[in-house]
file work.txt (compact mmCIF, C-alpha atoms and all ligand atoms)
# COMPACT_ATOMS: atom_id res chain seq x y z
CA MET A 7 5.02 -10.66 -32.58
CA LYS A 8 2.13 -11.73 -30.43
CA THR A 9 -0.97 -13.43 -31.86
CA LYS A 10 -4.24 -14.33 -30.17
CA LEU A 11 -5.45 -17.86 -30.86
CA ALA A 12 -8.94 -17.90 -32.34
CA LEU A 13 -10.60 -20.27 -29.85
CA PRO A 14 -14.06 -19.84 -28.32
CA ASN A 15 -14.17 -19.35 -24.51
CA ALA A 16 -10.39 -18.91 -24.36
CA GLU A 17 -7.89 -16.12 -24.07
CA ILE A 18 -4.58 -17.48 -25.32
CA TYR A 19 -1.69 -15.45 -26.73
CA PHE A 20 1.39 -16.82 -28.46
CA TRP A 21 4.80 -15.28 -29.15
CA PRO A 22 6.73 -17.79 -31.34
CA GLN A 23 10.16 -16.17 -30.89
CA PHE A 24 9.89 -14.40 -27.59
CA PHE A 25 13.52 -15.31 -26.76
CA SER A 26 16.34 -15.21 -29.30
CA PRO A 27 18.04 -18.52 -30.22
CA ARG A 28 21.07 -17.34 -28.27
CA GLN A 29 19.05 -16.62 -25.11
CA SER A 30 17.12 -19.89 -25.48
CA ASN A 31 20.31 -21.87 -25.83
CA TYR A 32 21.73 -20.21 -22.71
CA TYR A 33 18.61 -20.95 -20.63
CA LEU A 34 18.36 -24.53 -21.93
CA THR A 35 21.93 -25.23 -20.82
CA GLU A 36 21.77 -23.36 -17.50
CA LEU A 37 18.40 -24.71 -16.39
CA THR A 38 19.24 -28.30 -17.37
CA ARG A 39 22.39 -28.03 -15.27
CA THR A 40 21.22 -26.10 -12.19
CA VAL A 41 17.56 -26.95 -11.53
CA ALA A 42 16.88 -29.60 -8.83
CA TRP A 43 15.06 -31.98 -11.20
CA ARG A 44 13.13 -34.87 -9.70
CA GLN A 45 10.90 -37.62 -11.04
CA ASP A 46 7.73 -37.74 -8.96
CA LYS A 47 5.53 -40.77 -8.41
CA ILE A 48 1.77 -40.55 -8.58
CA ARG A 49 -0.82 -43.00 -7.29
CA MET A 50 -3.52 -44.03 -9.73
CA PHE A 51 -5.96 -46.97 -9.38
CA GLY A 52 -4.04 -48.04 -6.25
CA LYS A 53 -0.76 -48.30 -8.16
CA GLU A 54 2.33 -46.12 -8.20
CA PHE A 55 3.59 -44.65 -11.46
CA LEU A 56 6.62 -42.51 -12.23
CA LEU A 57 5.63 -39.32 -14.04
CA PRO A 58 6.86 -39.40 -17.67
CA ARG A 59 8.97 -36.23 -17.20
CA LEU A 60 11.14 -34.54 -14.58
CA THR A 61 9.78 -31.58 -12.63
CA ALA A 62 10.80 -28.88 -10.16
CA TRP A 63 8.97 -26.12 -8.39
CA TYR A 64 10.42 -22.74 -7.37
CA GLY A 65 8.67 -19.78 -5.81
CA ASP A 66 8.24 -17.23 -3.06
CA ALA A 67 8.58 -18.57 0.48
CA GLY A 68 5.27 -19.10 2.23
CA LYS A 69 3.40 -20.26 -0.85
CA SER A 70 2.56 -23.93 -0.93
CA TYR A 71 0.19 -26.03 -2.93
CA GLN A 72 -1.57 -29.36 -2.63
CA TYR A 73 -0.33 -32.04 -4.93
CA SER A 74 -1.71 -35.60 -4.81
CA GLY A 75 -2.82 -34.98 -1.24
CA ILE A 76 0.51 -33.65 0.01
CA SER A 77 1.39 -30.04 0.70
CA MET A 78 4.44 -29.03 -1.34
CA LYS A 79 6.82 -26.18 -0.56
CA PRO A 80 8.59 -24.38 -3.39
CA LEU A 81 12.38 -24.21 -3.56
CA PRO A 82 13.77 -20.66 -3.22
CA TRP A 83 14.20 -18.82 -6.55
CA LEU A 84 17.40 -19.67 -8.45
CA PRO A 85 19.18 -16.54 -9.72
CA VAL A 86 18.85 -17.72 -13.35
CA LEU A 87 15.04 -17.77 -12.99
CA LEU A 88 14.63 -14.15 -11.88
CA PRO A 89 15.40 -12.32 -15.16
CA LEU A 90 13.22 -14.86 -16.94
CA LYS A 91 10.36 -14.15 -14.55
CA GLU A 92 10.80 -10.40 -15.10
CA VAL A 93 10.59 -10.44 -18.89
CA VAL A 94 7.64 -12.82 -18.81
CA GLU A 95 5.86 -10.58 -16.27
CA ALA A 96 6.43 -7.55 -18.50
CA ALA A 97 4.92 -9.36 -21.50
CA ALA A 98 2.00 -10.77 -19.50
CA GLY A 99 1.30 -7.57 -17.57
CA HIS A 100 1.00 -9.77 -14.49
CA ARG A 101 3.16 -10.70 -11.46
CA PHE A 102 3.96 -14.35 -10.77
CA ASN A 103 5.09 -15.90 -7.46
CA SER A 104 6.01 -19.41 -8.57
CA VAL A 105 7.14 -21.49 -11.51
CA LEU A 106 6.63 -25.17 -12.27
CA LEU A 107 9.38 -26.55 -14.51
CA ASN A 108 9.01 -29.60 -16.74
CA TYR A 109 11.90 -31.47 -18.33
CA TYR A 110 10.90 -33.71 -21.25
CA ARG A 111 13.97 -35.87 -21.71
CA HIS A 112 12.91 -37.28 -25.11
CA GLY A 113 9.84 -37.80 -27.28
CA GLN A 114 8.39 -40.41 -24.93
CA ASP A 115 8.09 -37.94 -22.06
CA SER A 116 4.73 -36.21 -22.00
CA MET A 117 1.89 -34.62 -20.03
CA GLY A 118 -1.69 -35.90 -20.22
CA TRP A 119 -4.93 -33.95 -20.65
CA HIS A 120 -5.64 -31.53 -17.81
CA SER A 121 -6.65 -27.97 -16.95
CA ASP A 122 -4.57 -25.82 -14.64
CA ASP A 123 -7.48 -25.31 -12.29
CA GLU A 124 -6.16 -26.18 -8.84
CA PRO A 125 -7.96 -24.12 -6.15
CA GLU A 126 -4.66 -22.39 -5.20
CA LEU A 127 -4.59 -20.73 -8.63
CA GLY A 128 -7.93 -19.03 -8.07
CA LEU A 129 -10.56 -18.21 -10.66
CA ASN A 130 -9.29 -17.34 -14.18
CA PRO A 131 -5.56 -17.80 -13.54
CA VAL A 132 -2.88 -16.21 -15.72
CA ILE A 133 -0.36 -18.87 -16.72
CA ALA A 134 2.72 -18.08 -18.79
CA SER A 135 4.42 -21.03 -20.47
CA VAL A 136 7.98 -20.76 -21.82
CA SER A 137 9.61 -23.43 -23.99
CA PHE A 138 13.29 -24.15 -24.65
CA GLY A 139 14.78 -26.90 -26.80
CA GLN A 140 12.92 -29.45 -28.92
CA ASP A 141 9.68 -28.10 -30.37
CA ARG A 142 6.67 -30.15 -29.32
CA ARG A 143 2.99 -30.15 -30.22
CA PHE A 144 0.62 -28.72 -27.61
CA ASP A 145 -3.02 -29.80 -27.99
CA LEU A 146 -6.13 -28.05 -26.72
CA ARG A 147 -9.65 -29.47 -26.45
CA HIS A 148 -12.91 -27.90 -25.31
CA ARG A 149 -14.21 -29.47 -22.08
CA GLN A 150 -17.94 -29.15 -22.75
CA ASP A 151 -18.63 -28.52 -26.43
CA LYS A 152 -17.42 -31.56 -28.34
CA THR A 153 -18.30 -29.90 -31.66
CA VAL A 154 -15.45 -27.41 -31.19
CA PRO A 155 -12.46 -28.87 -33.09
CA LYS A 156 -9.28 -29.77 -31.22
CA GLN A 157 -6.50 -27.24 -31.77
CA SER A 158 -2.74 -27.61 -31.78
CA VAL A 159 0.15 -25.18 -31.40
CA TRP A 160 3.82 -26.03 -31.97
CA LEU A 161 5.67 -24.80 -28.93
CA GLU A 162 9.00 -24.00 -30.48
CA ASP A 163 12.32 -23.06 -28.90
CA GLY A 164 12.08 -19.62 -27.28
CA SER A 165 8.29 -19.34 -27.48
CA LEU A 166 5.91 -17.88 -24.90
CA LEU A 167 2.29 -19.01 -24.54
CA LEU A 168 -0.02 -17.07 -22.27
CA MET A 169 -3.28 -18.58 -21.03
CA GLN A 170 -5.69 -16.38 -19.11
CA GLY A 171 -9.35 -15.42 -18.65
CA ALA A 172 -11.71 -18.40 -18.62
CA THR A 173 -9.31 -20.64 -20.62
CA GLN A 174 -8.78 -23.22 -17.84
CA HIS A 175 -12.48 -23.39 -17.14
CA TYR A 176 -13.40 -24.32 -20.72
CA TRP A 177 -10.30 -26.01 -22.13
CA GLN A 178 -7.91 -28.85 -21.37
CA HIS A 179 -4.41 -29.18 -22.78
CA GLN A 180 -1.82 -31.93 -23.22
CA LEU A 181 1.69 -32.48 -24.49
CA PRO A 182 1.52 -35.83 -26.31
CA LYS A 183 4.37 -38.28 -26.81
CA SER A 184 6.03 -37.93 -30.20
CA ALA A 185 8.43 -40.19 -32.10
CA LYS A 186 9.16 -37.26 -34.42
CA ALA A 187 10.36 -34.97 -31.63
CA PRO A 188 13.16 -36.93 -29.94
CA GLY A 189 15.20 -34.07 -28.43
CA THR A 190 15.04 -32.65 -24.93
CA ARG A 191 12.71 -29.81 -24.08
CA LEU A 192 12.29 -27.62 -21.02
CA ASN A 193 9.04 -25.90 -20.17
CA LEU A 194 8.43 -23.31 -17.47
CA THR A 195 4.91 -22.40 -16.41
CA PHE A 196 4.83 -19.24 -14.31
CA ARG A 197 1.85 -19.13 -11.96
CA THR A 198 0.36 -17.08 -9.15
CA ILE A 199 -0.47 -19.08 -6.02
CA LYS A 200 -3.02 -17.35 -3.82
O1 LIG B 301 5.02 -28.68 -21.32
C1 LIG B 301 4.05 -27.99 -21.64
O2 LIG B 301 4.07 -27.22 -22.59
C2 LIG B 301 2.77 -28.09 -20.82
C3 LIG B 301 2.99 -27.91 -19.36
C4 LIG B 301 1.71 -27.83 -18.59
O3 LIG B 301 0.64 -27.90 -19.13
C5 LIG B 301 1.73 -27.64 -17.13
O4 LIG B 301 2.82 -27.60 -16.52
O5 LIG B 301 0.66 -27.52 -16.53
FE FE B 302 -0.95 -27.28 -17.82
call {"tool": "encode", "arguments": {"input": "work.txt", "output": "structure tokens"}}
result
Amino acid sequence: MKTKLALPNAEIYFWPQFFSPRQSNYYLTELTRTVAWRQDKIRMFGKEFLLPRLTAWYGDAGKSYQYSGISMKPLPWLPVLLPLKEVVEAAAGHRFNSVLLNYYRHGQDSMGWHSDDEPELGLNPVIASVSFGQDRRFDLRHRQDKTVPKQSVWLEDGSLLLMQGATQHYWQHQLPKSAKAPGTRLNLTFRTIK
């Protein structure tokens, strides 16, 4: 069952059990094992930091995107990712040409406040976010109107979250650290690079 989140200036849909527990368990195991996970460094205030999560990027050849000033090429699609991409495309009614994967090893791995608004994604991008493993809280805050209350969604095992329309223009999101969510979690965000 799909629900639309009641947020102003946003178009966000959520399917809590998009994948069955059996499918989710399969993908959690397969992706953990086969994806070329890496821990990237970022430069901030003249210092280098390791990102508090592992990442990987897969996609169609010929698509690249700018990341901390470097042009990154996607790895060629792994077979296990293709059926996933297909079912997510069917639900979203949209074709994707790349996926960014995030591996949160434990509750201290996280992602800070941001919008997915890189120029490569174009205006009003459709972003489909799939979660496997440990459920984690996903927070949303309005970028301009501070009177709009912060919202949270629990991204549980097998869920699908779809962000589209003007969502990235008006809202930021984060995945905070959590002592109460110690298990590992994988997240896949399907995107369309122009
Ligand atoms: O792990 C999540 O649910 C958030 C991922 C995310 O926001 C991103 O990859 O841009
Ligand atoms: Fe994001």
call {"tool": "closest_atom_pairs", "arguments": {"input": "work.txt", "of": "chain A", "to": "ligand LIG 301 (chain B)", "cutoff": "10 Å", "atoms": "only C-alpha atoms and all ligand atoms", "output": "tab-separated table"}}
result
residue	atom	partner	partner_atom	distance
A:Arg59	CA	B:LIG301	O1	9.5
A:Thr61	CA	B:LIG301	O4	8.9
A:Val105	CA	B:LIG301	O4	9.0
A:Leu106	CA	B:LIG301	O4	6.2
A:Leu107	CA	B:LIG301	O4	6.9
A:Asn108	CA	B:LIG301	O1	6.1
A:Tyr109	CA	B:LIG301	O1	8.0
A:Tyr110	CA	B:LIG301	O1	7.7
A:Asp115	CA	B:LIG301	O1	9.8
A:Ser116	CA	B:LIG301	O1	7.6
A:Met117	CA	B:LIG301	C2	6.6
A:Gly118	CA	B:LIG301	O3	8.4
A:Trp119	CA	B:LIG301	O3	8.4
A:His120	CA	B:LIG301	O3	7.4
A:Ser121	CA	B:LIG301	O5	7.3
A:Asp122	CA	B:LIG301	O5	5.8
A:Asp123	CA	B:LIG301	O5	9.4
A:Ile133	CA	B:LIG301	O5	8.7
A:Ala134	CA	B:LIG301	C5	9.8
A:Ser135	CA	B:LIG301	O2	6.6
A:Val136	CA	B:LIG301	O2	7.6
A:Ser137	CA	B:LIG301	O2	6.9
A:Phe138	CA	B:LIG301	O2	9.9
A:Asp141	CA	B:LIG301	O2	9.6
A:Arg142	CA	B:LIG301	O2	7.8
A:Arg143	CA	B:LIG301	O2	8.2
A:Phe144	CA	B:LIG301	O2	6.3
A:Asp145	CA	B:LIG301	O2	9.3
A:Val159	CA	B:LIG301	O2	9.9
A:Trp160	CA	B:LIG301	O2	9.5
A:Leu161	CA	B:LIG301	O2	7.0
A:Glu162	CA	B:LIG301	O2	9.8
A:Leu166	CA	B:LIG301	O2	9.8
A:Leu167	CA	B:LIG301	O2	8.6
A:Gln178	CA	B:LIG301	O3	8.9
A:His179	CA	B:LIG301	O3	6.4
A:Gln180	CA	B:LIG301	O3	6.2
A:Leu181	CA	B:LIG301	C1	5.8
A:Pro182	CA	B:LIG301	O1	9.4
A:Arg191	CA	B:LIG301	O1	8.2
A:Leu192	CA	B:LIG301	O1	7.4
A:Asn193	CA	B:LIG301	O1	5.0
A:Leu194	CA	B:LIG301	O4	7.1
A:Thr195	CA	B:LIG301	O4	5.6
A:Phe196	CA	B:LIG301	O4	8.9
A:Arg197	CA	B:LIG301	O5	9.6
call {"tool": "write_last_selection", "arguments": {"input": "work.txt", "atoms": "C-alpha atoms", "output": "mmCIF file, keeping the file's coordinate frame"}}
result
data_model
loop_
_atom_site.group_PDB
_atom_site.id
_atom_site.type_symbol
_atom_site.label_atom_id
_atom_site.label_comp_id
_atom_site.auth_asym_id
_atom_site.auth_seq_id
_atom_site.Cartn_x
_atom_site.Cartn_y
_atom_site.Cartn_z
ATOM 1 C CA ARG A 59 8.970 -36.230 -17.200
ATOM 2 C CA THR A 61 9.780 -31.580 -12.630
ATOM 3 C CA VAL A 105 7.140 -21.490 -11.510
ATOM 4 C CA LEU A 106 6.630 -25.170 -12.270
ATOM 5 C CA LEU A 107 9.380 -26.550 -14.510
ATOM 6 C CA ASN A 108 9.010 -29.600 -16.740
ATOM 7 C CA TYR A 109 11.900 -31.470 -18.330
ATOM 8 C CA TYR A 110 10.900 -33.710 -21.250
ATOM 9 C CA ASP A 115 8.090 -37.940 -22.060
ATOM 10 C CA SER A 116 4.730 -36.210 -22.000
ATOM 11 C CA MET A 117 1.890 -34.620 -20.030
ATOM 12 C CA GLY A 118 -1.690 -35.900 -20.220
ATOM 13 C CA TRP A 119 -4.930 -33.950 -20.650
ATOM 14 C CA HIS A 120 -5.640 -31.530 -17.810
ATOM 15 C CA SER A 121 -6.650 -27.970 -16.950
ATOM 16 C CA ASP A 122 -4.570 -25.820 -14.640
ATOM 17 C CA ASP A 123 -7.480 -25.310 -12.290
ATOM 18 C CA ILE A 133 -0.360 -18.870 -16.720
ATOM 19 C CA ALA A 134 2.720 -18.080 -18.790
ATOM 20 C CA SER A 135 4.420 -21.030 -20.470
ATOM 21 C CA VAL A 136 7.980 -20.760 -21.820
ATOM 22 C CA SER A 137 9.610 -23.430 -23.990
ATOM 23 C CA PHE A 138 13.290 -24.150 -24.650
ATOM 24 C CA ASP A 141 9.680 -28.100 -30.370
ATOM 25 C CA ARG A 142 6.670 -30.150 -29.320
ATOM 26 C CA ARG A 143 2.990 -30.150 -30.220
ATOM 27 C CA PHE A 144 0.620 -28.720 -27.610
ATOM 28 C CA ASP A 145 -3.020 -29.800 -27.990
ATOM 29 C CA VAL A 159 0.150 -25.180 -31.400
ATOM 30 C CA TRP A 160 3.820 -26.030 -31.970
ATOM 31 C CA LEU A 161 5.670 -24.800 -28.930
ATOM 32 C CA GLU A 162 9.000 -24.000 -30.480
ATOM 33 C CA LEU A 166 5.910 -17.880 -24.900
ATOM 34 C CA LEU A 167 2.290 -19.010 -24.540
ATOM 35 C CA GLN A 178 -7.910 -28.850 -21.370
ATOM 36 C CA HIS A 179 -4.410 -29.180 -22.780
ATOM 37 C CA GLN A 180 -1.820 -31.930 -23.220
ATOM 38 C CA LEU A 181 1.690 -32.480 -24.490
ATOM 39 C CA PRO A 182 1.520 -35.830 -26.310
ATOM 40 C CA ARG A 191 12.710 -29.810 -24.080
ATOM 41 C CA LEU A 192 12.290 -27.620 -21.020
ATOM 42 C CA ASN A 193 9.040 -25.900 -20.170
ATOM 43 C CA LEU A 194 8.430 -23.310 -17.470
ATOM 44 C CA THR A 195 4.910 -22.400 -16.410
ATOM 45 C CA PHE A 196 4.830 -19.240 -14.310
ATOM 46 C CA ARG A 197 1.850 -19.130 -11.960
#
call {"tool": "atom_distance", "arguments": {"input": "work.txt", "atom1": "CA of Ala172 in chain A", "atom2": "CA of Glu17 in chain A"}}
result
7.0 Å
call {"tool": "closest_residue", "arguments": {"input": "work.txt", "among": "A:Gly189, A:Pro131, A:Gly171, A:Gly139", "to": "ligand FE 302 (chain B)", "atoms": "all atoms listed in the file"}}
result
A:Pro131
call {"tool": "atom_distance", "arguments": {"input": "work.txt", "atom1": "CA of Tyr71 in chain A", "atom2": "CA of Tyr176 in chain A"}}
result
22.5 Å
call {"tool": "atom_distance", "arguments": {"input": "work.txt", "atom1": "CA of Ala12 in chain A", "atom2": "CA of Thr153 in chain A"}}
result
15.2 Å
call {"tool": "closest_residue", "arguments": {"input": "work.txt", "among": "A:Asp151, A:His112, A:Arg44, A:Glu124", "to": "ligand FE 302 (chain B)", "atoms": "all atoms listed in the file"}}
result
A:Glu124
call {"tool": "closest_residue", "arguments": {"input": "work.txt", "among": "A:Ser165, A:Ser70, A:Asn31, A:Gln150", "to": "Met7 in chain A", "atoms": "all atoms listed in the file"}}
result
A:Ser165
call {"tool": "closest_atom_pairs", "arguments": {"input": "work.txt", "of": "range 28-52 of chain A", "to": "range 89-97 of chain A", "cutoff": "12 Å", "atoms": "all atoms listed in the file", "output": "Markdown table"}}
result
| residue | atom | partner | partner_atom | distance |
| --- | --- | --- | --- | --- |
| A:Gln29 | CA | A:Leu90 | CA | 10.2 |
| A:Ser30 | CA | A:Leu90 | CA | 10.7 |
| A:Tyr32 | CA | A:Leu90 | CA | 11.6 |
| A:Tyr33 | CA | A:Leu90 | CA | 8.9 |
| A:Leu37 | CA | A:Leu90 | CA | 11.1 |
call {"tool": "residues_around", "arguments": {"input": "work.txt", "residues": "Lys156 in chain A", "least_positions_apart": "5", "cutoff": "8 Å", "atoms": "all atoms listed in the file", "output": "PDB file with C-alpha atoms, keeping the file's coordinate frame"}}
result
ATOM      1  CA  ASP A 145      -3.020 -29.800 -27.990  1.00  0.00           C
ATOM      2  CA  LEU A 146      -6.130 -28.050 -26.720  1.00  0.00           C
ATOM      3  CA  ARG A 147      -9.650 -29.470 -26.450  1.00  0.00           C
ATOM      4  CA  HIS A 148     -12.910 -27.900 -25.310  1.00  0.00           C
TER       5      HIS A 148
END
call {"tool": "closest_residue", "arguments": {"input": "work.txt", "among": "A:Glu36, A:Glu126, A:Glu54, A:Asp163", "to": "Met78 in chain A", "atoms": "all atoms listed in the file"}}
result
A:Glu126
call {"tool": "residues_near_point", "arguments": {"input": "work.txt", "point": "(1.3, -15.9, 2.9)", "cutoff": "12 Å", "atoms": "only C-alpha atoms", "output": "mmCIF file with C-alpha atoms, in the frame of the given file"}}
result
data_model
loop_
_atom_site.group_PDB
_atom_site.id
_atom_site.type_symbol
_atom_site.label_atom_id
_atom_site.label_comp_id
_atom_site.auth_asym_id
_atom_site.auth_seq_id
_atom_site.Cartn_x
_atom_site.Cartn_y
_atom_site.Cartn_z
ATOM 1 C CA ASP A 66 8.240 -17.230 -3.060
ATOM 2 C CA ALA A 67 8.580 -18.570 0.480
ATOM 3 C CA GLY A 68 5.270 -19.100 2.230
ATOM 4 C CA LYS A 69 3.400 -20.260 -0.850
ATOM 5 C CA SER A 70 2.560 -23.930 -0.930
ATOM 6 C CA TYR A 71 0.190 -26.030 -2.930
ATOM 7 C CA ASN A 103 5.090 -15.900 -7.460
ATOM 8 C CA GLU A 126 -4.660 -22.390 -5.200
ATOM 9 C CA ILE A 199 -0.470 -19.080 -6.020
ATOM 10 C CA LYS A 200 -3.020 -17.350 -3.820
#
call {"tool": "decode", "arguments": {"input": "work.txt", "residues": "range 39-115 of chain A", "atoms": "C-alpha atoms", "output": "short mmCIF file (atom, residue, chain, number, x, y, z; two decimals), in the first residue's frame"}}
result
data_model
loop_
_atom_site.label_atom_id
_atom_site.label_comp_id
_atom_site.auth_asym_id
_atom_site.auth_seq_id
_atom_site.Cartn_x
_atom_site.Cartn_y
_atom_site.Cartn_z
CA ARG A 39 28.46 -9.64 -0.56
CA THR A 40 28.74 -8.51 -4.21
CA VAL A 41 28.72 -4.70 -4.32
CA ALA A 42 32.14 -2.97 -4.61
CA TRP A 43 31.78 -1.02 -1.36
CA ARG A 44 34.23 1.78 -0.66
CA GLN A 45 34.67 4.38 2.06
CA ASP A 46 35.19 7.76 0.42
CA LYS A 47 37.05 10.70 1.91
CA ILE A 48 35.71 14.22 1.70
CA ARG A 49 37.53 17.50 2.24
CA MET A 50 35.91 19.96 4.61
CA PHE A 51 37.51 23.07 6.17
CA GLY A 52 40.84 21.99 4.63
CA LYS A 53 40.74 18.62 6.40
CA GLU A 54 40.06 15.11 5.14
CA PHE A 55 37.26 13.04 6.66
CA LEU A 56 36.13 9.50 5.97
CA LEU A 57 32.42 9.37 5.17
CA PRO A 58 30.49 7.65 7.99
CA ARG A 59 29.15 4.92 5.64
CA LEU A 60 30.27 2.84 2.67
CA THR A 61 29.05 3.72 -0.81
CA ALA A 62 29.03 2.46 -4.40
CA TRP A 63 27.69 3.80 -7.64
CA TYR A 64 26.38 1.74 -10.57
CA GLY A 65 24.79 2.92 -13.78
CA ASP A 66 24.64 3.14 -17.55
CA ALA A 67 27.97 3.69 -19.29
CA GLY A 68 28.52 7.26 -20.41
CA LYS A 69 26.82 8.86 -17.43
CA SER A 70 29.12 10.56 -14.98
CA TYR A 71 28.63 13.02 -12.21
CA GLN A 72 30.68 15.58 -10.32
CA TYR A 73 31.45 14.70 -6.76
CA SER A 74 33.65 16.91 -4.56
CA GLY A 75 35.19 18.38 -7.70
CA ILE A 76 36.02 15.05 -9.35
CA SER A 77 34.16 13.44 -12.22
CA MET A 78 33.00 9.95 -11.21
CA LYS A 79 32.18 7.09 -13.56
CA PRO A 80 29.58 4.51 -12.55
CA LEU A 81 30.44 0.82 -12.35
CA PRO A 82 28.54 -1.34 -14.89
CA TRP A 83 25.22 -2.72 -13.59
CA LEU A 84 25.51 -5.86 -11.45
CA PRO A 85 22.99 -8.54 -12.49
CA VAL A 86 21.39 -8.49 -9.01
CA LEU A 87 20.56 -4.78 -9.43
CA LEU A 88 18.60 -5.11 -12.68
CA PRO A 89 15.41 -6.81 -11.40
CA LEU A 90 15.43 -4.37 -8.50
CA LYS A 91 15.65 -1.44 -10.89
CA GLU A 92 12.77 -2.87 -12.95
CA VAL A 93 10.29 -3.25 -10.11
CA VAL A 94 11.18 0.17 -8.73
CA GLU A 95 10.72 1.71 -12.20
CA ALA A 96 7.30 0.08 -12.51
CA ALA A 97 6.21 1.51 -9.14
CA ALA A 98 7.66 4.96 -9.84
CA GLY A 99 6.44 5.13 -13.45
CA HIS A 100 9.90 6.44 -14.30
CA ARG A 101 13.13 5.07 -15.84
CA PHE A 102 16.39 5.32 -13.91
CA ASN A 103 19.95 5.14 -15.30
CA SER A 104 21.98 4.95 -12.09
CA VAL A 105 21.88 3.92 -8.46
CA LEU A 106 23.84 5.20 -5.49
CA LEU A 107 24.16 2.56 -2.77
CA ASN A 108 24.77 3.33 0.90
CA TYR A 109 25.90 0.78 3.47
CA TYR A 110 25.31 1.83 7.09
CA ARG A 111 27.43 -0.65 9.02
CA HIS A 112 25.92 0.18 12.45
CA GLY A 113 24.00 2.92 14.25
CA GLN A 114 26.95 5.31 14.16
CA ASP A 115 26.97 5.43 10.37
#
